[in-house]
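Source file model13.txt; content: compact mmCIF, C-alpha atoms.
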```
# COMPACT_ATOMS: atom_id res chain seq x y z
CA MET A 268 -20.04 -31.70 -33.45
CA ALA A 269 -22.77 -29.57 -31.89
CA ASP A 270 -21.75 -26.52 -29.83
CA THR A 271 -22.91 -27.24 -26.25
CA SER A 272 -21.36 -24.16 -24.64
CA PRO A 273 -23.83 -21.85 -22.85
CA ARG A 274 -25.27 -18.95 -24.82
CA VAL A 275 -25.18 -15.62 -23.03
CA HIS A 276 -27.84 -13.31 -24.42
CA ALA A 277 -26.40 -9.92 -25.36
CA SER A 278 -29.15 -8.12 -23.40
CA ARG A 279 -28.12 -9.57 -20.02
CA ALA A 280 -24.96 -9.86 -18.00
CA PRO A 281 -23.37 -13.31 -17.70
CA THR A 282 -24.21 -15.17 -14.50
CA LEU A 283 -22.43 -17.61 -12.23
CA ASN A 284 -24.66 -20.33 -13.70
CA ASP A 285 -23.25 -19.53 -17.16
CA VAL A 286 -19.71 -19.86 -15.76
CA ALA A 287 -20.55 -23.20 -14.13
CA GLN A 288 -22.03 -24.60 -17.36
CA LEU A 289 -19.07 -23.50 -19.47
CA ALA A 290 -16.55 -24.91 -16.96
CA GLY A 291 -18.53 -28.13 -16.51
CA VAL A 292 -18.83 -27.80 -12.73
CA SER A 293 -21.61 -27.29 -10.22
CA MET A 294 -22.80 -23.84 -9.14
CA ALA A 295 -21.32 -24.47 -5.67
CA THR A 296 -17.89 -25.29 -7.10
CA ALA A 297 -17.98 -22.27 -9.41
CA SER A 298 -18.86 -20.04 -6.48
CA LYS A 299 -16.00 -21.37 -4.37
CA ALA A 300 -13.52 -20.98 -7.21
CA VAL A 301 -14.54 -17.41 -8.05
CA ASN A 302 -14.46 -16.36 -4.41
CA GLY A 303 -11.06 -17.88 -3.69
CA ARG A 304 -12.19 -20.60 -1.30
CA ALA A 305 -9.60 -23.24 -0.47
CA GLU A 306 -11.84 -26.30 -1.02
CA VAL A 307 -11.39 -26.24 -4.82
CA ALA A 308 -8.60 -28.06 -6.66
CA GLU A 309 -6.21 -25.67 -8.40
CA LYS A 310 -6.85 -27.21 -11.83
CA THR A 311 -10.60 -26.76 -11.38
CA ARG A 312 -10.15 -23.19 -10.13
CA ARG A 313 -8.15 -22.27 -13.24
CA ARG A 314 -10.83 -23.78 -15.49
CA VAL A 315 -13.59 -21.83 -13.73
CA LEU A 316 -11.67 -18.55 -13.84
CA ALA A 317 -10.89 -19.06 -17.52
CA ALA A 318 -14.59 -19.61 -18.20
CA ALA A 319 -15.49 -16.48 -16.24
CA SER A 320 -12.96 -14.46 -18.22
CA GLU A 321 -14.18 -15.87 -21.53
CA ILE A 322 -17.77 -14.72 -21.05
CA GLY A 323 -16.94 -11.54 -19.12
CA PHE A 324 -18.43 -12.59 -15.79
CA THR A 325 -17.88 -10.13 -12.91
CA PRO A 326 -18.67 -11.39 -9.38
CA ASN A 327 -21.32 -9.49 -7.46
CA GLY A 328 -19.65 -7.53 -4.66
CA LEU A 329 -22.43 -8.09 -2.14
CA ALA A 330 -22.53 -11.80 -2.85
CA GLN A 331 -18.78 -12.04 -2.46
CA SER A 332 -18.89 -10.23 0.87
CA LEU A 333 -21.47 -12.71 2.16
CA VAL A 334 -19.19 -15.60 1.18
CA THR A 335 -15.84 -14.16 2.29
CA GLY A 336 -16.96 -11.96 5.17
CA ARG A 337 -15.15 -9.00 3.55
CA THR A 338 -16.47 -5.95 1.73
CA LYS A 339 -13.17 -4.96 0.05
CA THR A 340 -13.45 -1.47 1.49
CA VAL A 341 -11.14 0.27 3.98
CA GLY A 342 -11.84 3.51 5.82
CA LEU A 343 -9.27 6.31 5.99
CA LEU A 344 -10.13 8.62 8.89
CA THR A 345 -8.20 11.89 8.98
CA SER A 346 -8.12 15.31 10.57
CA ASP A 347 -5.81 16.78 7.94
CA LEU A 348 -7.78 16.87 4.69
CA GLU A 349 -6.89 20.55 4.22
CA GLY A 350 -3.23 19.93 5.07
CA ARG A 351 -0.52 18.42 2.90
CA PHE A 352 0.41 15.29 4.84
CA VAL A 353 -2.68 13.11 4.39
CA LEU A 354 -2.66 13.23 0.57
CA PRO A 355 0.64 11.39 -0.05
CA ILE A 356 -0.31 8.89 2.69
CA LEU A 357 -3.64 8.33 0.95
CA MET A 358 -1.90 7.93 -2.42
CA GLY A 359 0.46 5.33 -0.97
CA ALA A 360 -2.38 3.41 0.66
CA GLU A 361 -4.43 3.48 -2.55
CA ASP A 362 -1.43 2.17 -4.52
CA ALA A 363 -1.26 -0.84 -2.20
CA PHE A 364 -5.00 -1.38 -1.92
CA GLY A 365 -5.42 -1.08 -5.69
CA SER A 366 -3.40 -4.25 -6.20
CA GLY A 367 -5.95 -6.03 -4.01
CA GLU A 368 -8.96 -4.29 -5.63
CA ILE A 369 -9.91 -2.61 -2.37
CA SER A 370 -11.72 0.75 -2.29
CA VAL A 371 -10.82 3.51 0.19
CA LEU A 372 -13.54 5.56 1.91
CA LEU A 373 -12.10 8.92 3.02
CA CYS A 374 -13.60 10.72 6.03
CA ASP A 375 -12.44 14.11 7.36
CA ALA A 376 -13.01 14.70 11.08
CA ARG A 377 -11.55 18.25 10.92
CA GLY A 378 -9.94 17.82 14.31
CA ASP A 379 -13.32 17.36 16.03
CA ARG A 380 -13.71 14.29 18.28
CA ILE A 381 -17.52 14.24 17.96
CA ARG A 382 -17.26 14.34 14.16
CA GLU A 383 -14.59 11.63 14.30
CA ASN A 384 -16.88 9.35 16.34
CA TYR A 385 -19.68 9.95 13.84
CA HIS A 386 -17.46 8.98 10.91
CA LEU A 387 -16.14 5.95 12.79
CA LYS A 388 -19.68 4.65 13.35
CA ALA A 389 -20.53 5.29 9.70
CA LEU A 390 -17.49 3.31 8.51
CA LEU A 391 -18.31 0.41 10.82
CA ASN A 392 -21.94 0.43 9.62
CA ARG A 393 -20.60 0.08 6.08
CA ARG A 394 -18.71 -2.98 7.31
CA VAL A 395 -15.27 -1.79 6.19
CA ASP A 396 -12.53 -4.40 6.48
CA GLY A 397 -10.12 -2.07 8.29
CA ILE A 398 -9.39 1.56 9.18
CA ILE A 399 -6.31 3.76 8.76
CA VAL A 400 -6.26 6.79 11.06
CA VAL A 401 -4.13 9.72 9.81
CA GLY A 402 -3.26 12.60 12.15
CA ARG A 403 -2.40 16.18 11.32
CA SER A 404 0.91 16.14 13.22
CA THR A 405 3.31 13.57 14.66
CA ASP A 406 2.08 14.25 18.20
CA PRO A 407 0.48 11.14 19.80
CA ARG A 408 -3.30 11.08 19.50
CA ASN A 409 -6.08 9.37 21.46
CA SER A 410 -6.65 5.72 20.67
CA LEU A 411 -9.97 4.62 19.19
CA GLY A 412 -9.92 1.80 21.72
CA GLN A 413 -9.40 -1.95 21.67
CA GLN A 414 -13.01 -3.02 21.11
CA LEU A 415 -13.33 -2.28 17.39
CA PRO A 416 -14.30 -5.28 15.22
CA VAL A 417 -11.77 -4.47 12.46
CA PRO A 418 -8.00 -3.89 12.38
CA VAL A 419 -6.87 -0.28 12.86
CA VAL A 420 -3.52 1.26 11.91
CA TYR A 421 -2.46 4.77 12.97
CA ALA A 422 -0.36 6.68 10.43
CA TYR A 423 1.71 9.85 10.92
CA ALA A 424 0.23 10.58 14.37
CA PRO A 425 0.86 7.51 16.57
CA SER A 426 -1.72 6.23 19.02
CA ASP A 427 -1.16 6.96 22.69
CA ASP A 428 -1.95 3.30 23.44
CA PRO A 429 1.12 1.05 22.95
CA ARG A 430 -1.19 -1.88 22.15
CA ASP A 431 -2.15 -0.20 18.84
CA GLN A 432 -0.21 -0.44 15.58
CA SER A 433 1.28 2.94 14.63
CA LEU A 434 3.53 4.21 11.84
CA ALA A 435 5.28 7.58 12.09
CA PRO A 436 8.17 9.42 10.40
CA ASP A 437 11.50 9.20 12.22
CA ASN A 438 12.08 12.93 12.73
CA ARG A 439 15.17 12.45 14.89
CA ALA A 440 16.79 10.48 12.07
CA GLY A 441 15.78 13.27 9.69
CA GLY A 442 17.45 15.91 11.85
CA ARG A 443 20.65 13.87 11.92
CA LEU A 444 20.50 13.28 8.18
CA ALA A 445 20.22 17.03 7.50
CA VAL A 446 23.28 17.80 9.63
CA GLU A 447 25.30 14.95 8.12
CA HIS A 448 24.62 16.27 4.63
CA LEU A 449 25.73 19.81 5.48
CA ILE A 450 28.89 18.47 7.10
CA SER A 451 29.57 16.31 4.03
CA VAL A 452 29.60 19.45 1.84
CA GLY A 453 32.12 21.16 4.10
CA ARG A 454 29.91 23.16 6.48
CA ARG A 455 30.98 23.55 10.10
CA ARG A 456 29.31 26.69 11.49
CA ILE A 457 25.74 25.40 11.45
CA VAL A 458 22.49 26.64 13.05
CA HIS A 459 18.97 25.27 13.32
CA ILE A 460 15.73 27.22 12.79
CA THR A 461 12.52 25.32 13.40
CA GLY A 462 8.81 25.64 14.18
CA ASP A 463 6.47 25.58 17.15
CA PRO A 464 8.20 24.02 20.19
CA GLY A 465 4.87 22.50 21.23
CA TYR A 466 5.03 20.07 18.30
CA ALA A 467 6.76 16.71 18.69
CA ALA A 468 8.16 17.10 15.17
CA ALA A 469 10.01 20.30 16.12
CA GLN A 470 11.48 18.73 19.26
CA ASP A 471 12.45 15.49 17.54
CA ARG A 472 14.13 17.23 14.61
CA ALA A 473 16.03 19.47 17.03
CA GLU A 474 17.21 16.41 19.00
CA GLY A 475 18.40 14.82 15.76
CA PHE A 476 20.21 18.04 14.87
CA HIS A 477 22.09 18.03 18.19
CA GLU A 478 22.91 14.33 17.85
CA GLY A 479 24.34 14.87 14.38
CA MET A 480 26.46 17.82 15.50
CA ALA A 481 27.77 15.95 18.55
CA ALA A 482 28.62 12.87 16.48
CA ALA A 483 30.80 15.09 14.27
CA GLY A 484 32.45 16.76 17.25
CA LEU A 485 30.83 20.11 16.42
CA THR A 486 28.98 22.64 18.56
CA PRO A 487 26.03 24.59 17.09
CA VAL A 488 26.80 28.26 16.51
CA ASP A 489 23.70 29.30 18.49
CA GLU A 490 20.75 27.85 20.36
CA VAL A 491 17.96 26.27 18.31
CA MET A 492 15.56 29.01 17.16
CA PHE A 493 11.98 27.81 17.78
CA GLY A 494 9.12 29.83 16.31
CA SER A 495 6.44 29.03 13.71
CA TRP A 496 6.27 26.94 10.53
CA THR A 497 6.25 29.98 8.24
CA GLU A 498 8.42 31.78 5.70
CA GLY A 499 8.10 34.94 7.78
CA TRP A 500 9.69 33.23 10.77
CA GLY A 501 12.44 31.88 8.54
CA ARG A 502 13.22 35.39 7.28
CA ASP A 503 13.24 36.95 10.75
CA ALA A 504 15.23 34.20 12.49
CA THR A 505 17.83 34.15 9.73
CA ALA A 506 18.34 37.92 10.02
CA VAL A 507 18.84 37.65 13.79
CA LEU A 508 21.35 34.82 13.44
CA LEU A 509 23.36 36.52 10.69
CA GLN A 510 23.61 39.69 12.76
CA ARG A 511 24.91 37.66 15.71
CA HIS A 512 27.15 35.33 13.71
CA PRO A 513 28.07 36.69 10.25
CA ASP A 514 30.25 33.63 9.54
CA ILE A 515 27.43 31.03 9.64
CA ASP A 516 27.86 28.66 6.69
CA GLY A 517 24.96 26.23 7.14
CA PHE A 518 21.24 26.42 8.00
CA VAL A 519 19.21 23.35 8.97
CA CYS A 520 15.55 24.40 8.74
CA GLY A 521 12.67 22.51 10.35
CA SER A 522 10.38 22.94 7.32
CA ASP A 523 10.54 23.97 3.68
CA GLN A 524 8.56 27.15 4.44
CA ILE A 525 11.17 28.21 7.01
CA ALA A 526 13.95 27.39 4.55
CA ARG A 527 12.30 29.53 1.84
CA GLY A 528 12.32 32.45 4.27
CA ALA A 529 15.98 31.81 5.07
CA LEU A 530 16.87 31.93 1.38
CA GLU A 531 15.16 35.31 0.98
CA THR A 532 17.06 36.87 3.90
CA LEU A 533 20.37 35.44 2.72
CA ARG A 534 19.82 37.16 -0.64
CA ASP A 535 19.03 40.42 1.20
CA PHE A 536 22.32 40.09 3.13
CA GLY A 537 24.25 39.49 -0.07
CA ARG A 538 25.11 35.85 0.74
CA SER A 539 25.40 33.42 -2.14
CA VAL A 540 23.67 30.01 -1.79
CA PRO A 541 25.22 27.46 -1.78
CA GLU A 542 28.68 29.02 -2.32
CA ASP A 543 28.74 31.04 0.93
CA VAL A 544 25.96 29.36 2.89
CA ALA A 545 24.16 26.02 2.44
CA VAL A 546 20.46 25.66 3.35
CA ILE A 547 18.44 22.48 3.85
CA GLY A 548 14.70 22.26 4.46
CA TYR A 549 12.37 19.54 5.71
CA ASP A 550 9.27 17.76 4.28
CA ASN A 551 10.27 17.98 0.59
CA TRP A 552 7.15 19.92 -0.33
CA GLU A 553 7.92 19.95 -4.04
CA VAL A 554 5.82 23.00 -4.94
CA LEU A 555 8.02 25.01 -2.56
CA ALA A 556 11.31 23.19 -3.00
CA THR A 557 11.43 23.22 -6.79
CA ASN A 558 10.26 26.84 -7.09
CA SER A 559 12.85 28.22 -4.66
CA ARG A 560 15.92 30.14 -5.83
CA PRO A 561 18.04 28.02 -5.86
CA GLU A 562 15.98 24.84 -5.66
CA LEU A 563 15.83 23.59 -2.10
CA THR A 564 17.56 20.49 -0.75
CA SER A 565 15.15 18.86 1.70
CA ILE A 566 14.46 15.86 3.92
CA ASP A 567 11.62 13.74 2.56
CA CYS A 568 9.45 11.93 5.13
CA THR A 569 8.53 9.33 2.44
CA LEU A 570 4.85 9.59 3.32
CA GLN A 571 3.69 7.58 0.29
CA GLY A 572 5.81 4.70 1.52
CA LEU A 573 4.31 5.13 4.97
CA GLY A 574 0.82 4.90 3.43
CA ARG A 575 1.76 1.73 1.55
CA GLN A 576 3.12 0.24 4.76
CA ALA A 577 -0.10 1.10 6.62
CA ALA A 578 -2.08 -0.70 3.90
CA LYS A 579 0.26 -3.69 4.19
CA ARG A 580 -0.39 -3.85 7.94
CA ILE A 581 -4.16 -3.93 7.25
CA PHE A 582 -3.67 -6.80 4.74
CA GLU A 583 -1.57 -8.73 7.25
CA ALA A 584 -4.16 -8.31 10.00
CA LEU A 585 -6.94 -9.46 7.67
CA ASP A 586 -4.87 -12.55 6.87
CA GLY A 587 -4.66 -13.38 10.56
CA ALA A 588 -1.24 -11.98 11.47
CA PRO A 589 -0.95 -11.04 15.17
CA VAL A 590 -1.10 -7.31 15.91
CA SER A 591 2.31 -5.97 16.90
CA GLY A 592 1.71 -2.97 19.10
CA GLY A 593 3.92 0.09 19.36
CA THR A 594 5.18 2.68 16.90
CA GLU A 595 7.19 1.72 13.83
CA LEU A 596 9.38 4.63 12.72
CA PHE A 597 9.64 5.24 8.99
CA GLN A 598 13.04 6.33 7.71
CA PRO A 599 13.38 9.65 5.81
CA LYS A 600 15.51 10.25 2.73
CA LEU A 601 17.64 13.13 1.51
CA VAL A 602 16.67 14.94 -1.71
CA ILE A 603 19.63 17.01 -2.92
CA ARG A 604 19.06 20.20 -4.92
CA GLY A 605 20.90 23.44 -5.54
CA SER A 606 20.70 25.01 -2.08
CA THR A 607 23.48 22.75 -0.79
CA ILE A 608 25.33 21.66 -3.94
CA ALA A 609 25.65 24.04 -6.89
CA SER A 610 24.10 22.83 -10.14
CA ARG A 611 26.40 22.52 -13.14
```

Turn the structure described in the file into structure tokens.
Amino acid sequence: MADTSPRVHASRAPTLNDVAQLAGVSMATASKAVNGRAEVAEKTRRRVLAAASEIGFTPNGLAQSLVTGRTKTVGLLTSDLEGRFVLPILMGAEDAFGSGEISVLLCDARGDRIRENYHLKALLNRRVDGIIVVGRSTDPRNSLGQQLPVPVVYAYAPSDDPRDQSLAPDNRAGGRLAVEHLISVGRRRIVHITGDPGYAAAQDRAEGFHEGMAAAGLTPVDEVMFGSWTEGWGRDATAVLLQRHPDIDGFVCGSDQIARGALETLRDFGRSVPEDVAVIGYDNWEVLATNSRPELTSIDCTLQGLGRQAAKRIFEALDGAPVSGGTELFQPKLVIRGSTIASR
């Protein structure tokens, strides 16, 4: 029997016409099958896709976008490219988008509203399918408005418009979780050192700290020490608190940098960690936590999971799901290391 299958010349890429000939269907049917249109029978779709795979046919992205109305690109607009919070969010989003073969275009506004508007226009001109906006803190940020032609999800910094979809870490839950862990390892005389009181994260973590102490029937040894998100502040605040209350046995710190400073001062005062005093940080910044002496127990904001969830919200909106406004709080997790439980 003669071989009637189409011959694809080695010097050129296979075309949709080659796929149609091999599958025994029209060009229109092959196009619908390759582009996922619903008007094709499932048996026919499988035959067309098998033919495309056999000859190594790759659909043209521009042609697909004209058929589906999608470009398979999503914009990620941030003001925190130099910080440490956007990168795990980006990694989580890319993990989710990768399964759908969607590319992410990253734009850094550097905290400048004019630059942000410029990048927003550029993303829309590229006809992205959606936009994820990542803030540099958990303080509410200005909304991009309700007139954009694509779905928008705000991650880390929630929008100030309750009609927008926002995802943010639950810092109050994290503060409670830190206290609960220290109590579970036998600590009762506990204090809290945290960062700038002008940040929502500092206030929320402090509220969670007080809630956790009250739930256990305990009173903090001293007032919350607000300051800066630095090791230097952690060293200084710890020294002040130890001079006031030498019998402190637990420190809840609002960041890993602060906790690192606390560990240094405790060594200077001759206190053993975790035997005499337990210390817990926040953010689970691994480069700090795993290089501390001892390694630092910390609260992880699970930012990669937050990024994956933001990508999921974009997928749902593209599939026609109604936009549910408001802020969805993402639950933290405890990462236990040697600063609260001694390693064996």

Quick one: residues within 6 Å of range 433-448 of chain A, all atoms listed in the file counted, chain neighbours fewer than 2 positions away excluded, as a PyMOL selection string?
chain A and resi 420-423+425+450-451+471-472+475-476+479+568+594-599

So, with only C-alpha atoms as the atoms that count, which of A:Glu309, A:Asp347, A:Asp396, A:Glu361 lies closest to Ala376 in chain A?
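Looking only at the distances to Ala376 in chain A, the closest residue turns out to be A:Asp347.
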
Residues near Ile515 in chain A, anyone? I mean within 9 Å using only C-alpha atoms, not counting same-chain ones fewer than 3 positions away, as a PDB file with C-alpha atoms, in the frame of the given file.
```pdb
ATOM      1  CA  ARG A 454      29.910  23.160   6.480  1.00  0.00           C
ATOM      2  CA  ARG A 455      30.980  23.550  10.100  1.00  0.00           C
ATOM      3  CA  ARG A 456      29.310  26.690  11.490  1.00  0.00           C
ATOM      4  CA  ILE A 457      25.740  25.400  11.450  1.00  0.00           C
ATOM      5  CA  VAL A 458      22.490  26.640  13.050  1.00  0.00           C
ATOM      6  CA  VAL A 488      26.800  28.260  16.510  1.00  0.00           C
ATOM      7  CA  LEU A 508      21.350  34.820  13.440  1.00  0.00           C
ATOM      8  CA  LEU A 509      23.360  36.520  10.690  1.00  0.00           C
ATOM      9  CA  HIS A 512      27.150  35.330  13.710  1.00  0.00           C
ATOM     10  CA  PHE A 518      21.240  26.420   8.000  1.00  0.00           C
ATOM     11  CA  ASP A 543      28.740  31.040   0.930  1.00  0.00           C
ATOM     12  CA  VAL A 544      25.960  29.360   2.890  1.00  0.00           C
TER      13      VAL A 544
END
```

CA of Gly593 in chain A to CA of Met480 in chain A, distance in Å rounded to a single decimal
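Separation between CA of Gly593 in chain A and CA of Met480 in chain A: 28.9 Å.
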
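For the residues A:Ala556, A:Leu411, A:Met492, A:Ile581, ranking by smallest atom-to-atom distance to Ala473 in chain A using only C-alpha atoms places A:Met492 first.
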
Nearest to Ala588 in chain A among A:Gly402, A:Val292, A:Pro418, A:Leu316, with distances taken over all atoms listed in the file: which residue is it?
A:Pro418

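Of note, CA of Ala609 in chain A and CA of Ala482 in chain A are spaced 26.1 Å apart.
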
Output requested as a compact mmCIF listing (two decimals), in the frame of the given file - range 369-391 of chain A, filled out with N, CA and C atoms.
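As a result, selection_36.txt now contains:
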```
# COMPACT_ATOMS: atom_id res chain seq x y z
N ILE A 369 -9.21 -3.09 -3.55
CA ILE A 369 -9.91 -2.61 -2.37
C ILE A 369 -10.15 -1.11 -2.52
N SER A 370 -11.36 -0.66 -2.20
CA SER A 370 -11.72 0.75 -2.29
C SER A 370 -11.46 1.44 -0.95
N VAL A 371 -11.10 2.73 -1.01
CA VAL A 371 -10.82 3.51 0.19
C VAL A 371 -11.93 4.54 0.37
N LEU A 372 -12.53 4.56 1.55
CA LEU A 372 -13.54 5.56 1.91
C LEU A 372 -12.88 6.60 2.79
N LEU A 373 -12.81 7.86 2.31
CA LEU A 373 -12.10 8.92 3.02
C LEU A 373 -13.08 9.76 3.84
N CYS A 374 -12.76 9.93 5.13
CA CYS A 374 -13.60 10.72 6.03
C CYS A 374 -12.72 11.77 6.72
N ASP A 375 -13.18 13.02 6.74
CA ASP A 375 -12.44 14.11 7.36
C ASP A 375 -13.12 14.54 8.65
N ALA A 376 -12.45 14.34 9.78
CA ALA A 376 -13.01 14.70 11.08
C ALA A 376 -12.74 16.15 11.46
N ARG A 377 -11.87 16.83 10.72
CA ARG A 377 -11.55 18.25 10.92
C ARG A 377 -11.10 18.55 12.35
N GLY A 378 -10.45 17.59 12.96
CA GLY A 378 -9.94 17.82 14.31
C GLY A 378 -10.99 17.79 15.40
N ASP A 379 -12.21 17.36 15.08
CA ASP A 379 -13.32 17.36 16.03
C ASP A 379 -13.61 15.93 16.48
N ARG A 380 -13.53 15.66 17.78
CA ARG A 380 -13.71 14.29 18.28
C ARG A 380 -15.13 13.78 18.06
N ILE A 381 -16.13 14.66 18.19
CA ILE A 381 -17.52 14.24 17.96
C ILE A 381 -17.71 13.83 16.50
N ARG A 382 -17.17 14.66 15.59
CA ARG A 382 -17.26 14.34 14.16
C ARG A 382 -16.50 13.04 13.86
N GLU A 383 -15.36 12.85 14.51
CA GLU A 383 -14.59 11.63 14.30
C GLU A 383 -15.39 10.40 14.72
N ASN A 384 -16.06 10.47 15.88
CA ASN A 384 -16.88 9.35 16.34
C ASN A 384 -18.02 9.06 15.37
N TYR A 385 -18.59 10.12 14.82
CA TYR A 385 -19.68 9.95 13.84
C TYR A 385 -19.16 9.20 12.62
N HIS A 386 -18.02 9.64 12.09
CA HIS A 386 -17.46 8.98 10.91
C HIS A 386 -17.06 7.54 11.22
N LEU A 387 -16.53 7.31 12.42
CA LEU A 387 -16.14 5.95 12.79
C LEU A 387 -17.35 5.03 12.77
N LYS A 388 -18.46 5.47 13.35
CA LYS A 388 -19.68 4.65 13.35
C LYS A 388 -20.17 4.40 11.92
N ALA A 389 -20.08 5.45 11.08
CA ALA A 389 -20.53 5.29 9.70
C ALA A 389 -19.69 4.26 8.96
N LEU A 390 -18.38 4.28 9.17
CA LEU A 390 -17.49 3.31 8.51
C LEU A 390 -17.79 1.89 8.98
N LEU A 391 -18.01 1.73 10.29
CA LEU A 391 -18.31 0.41 10.82
C LEU A 391 -19.66 -0.09 10.31
```
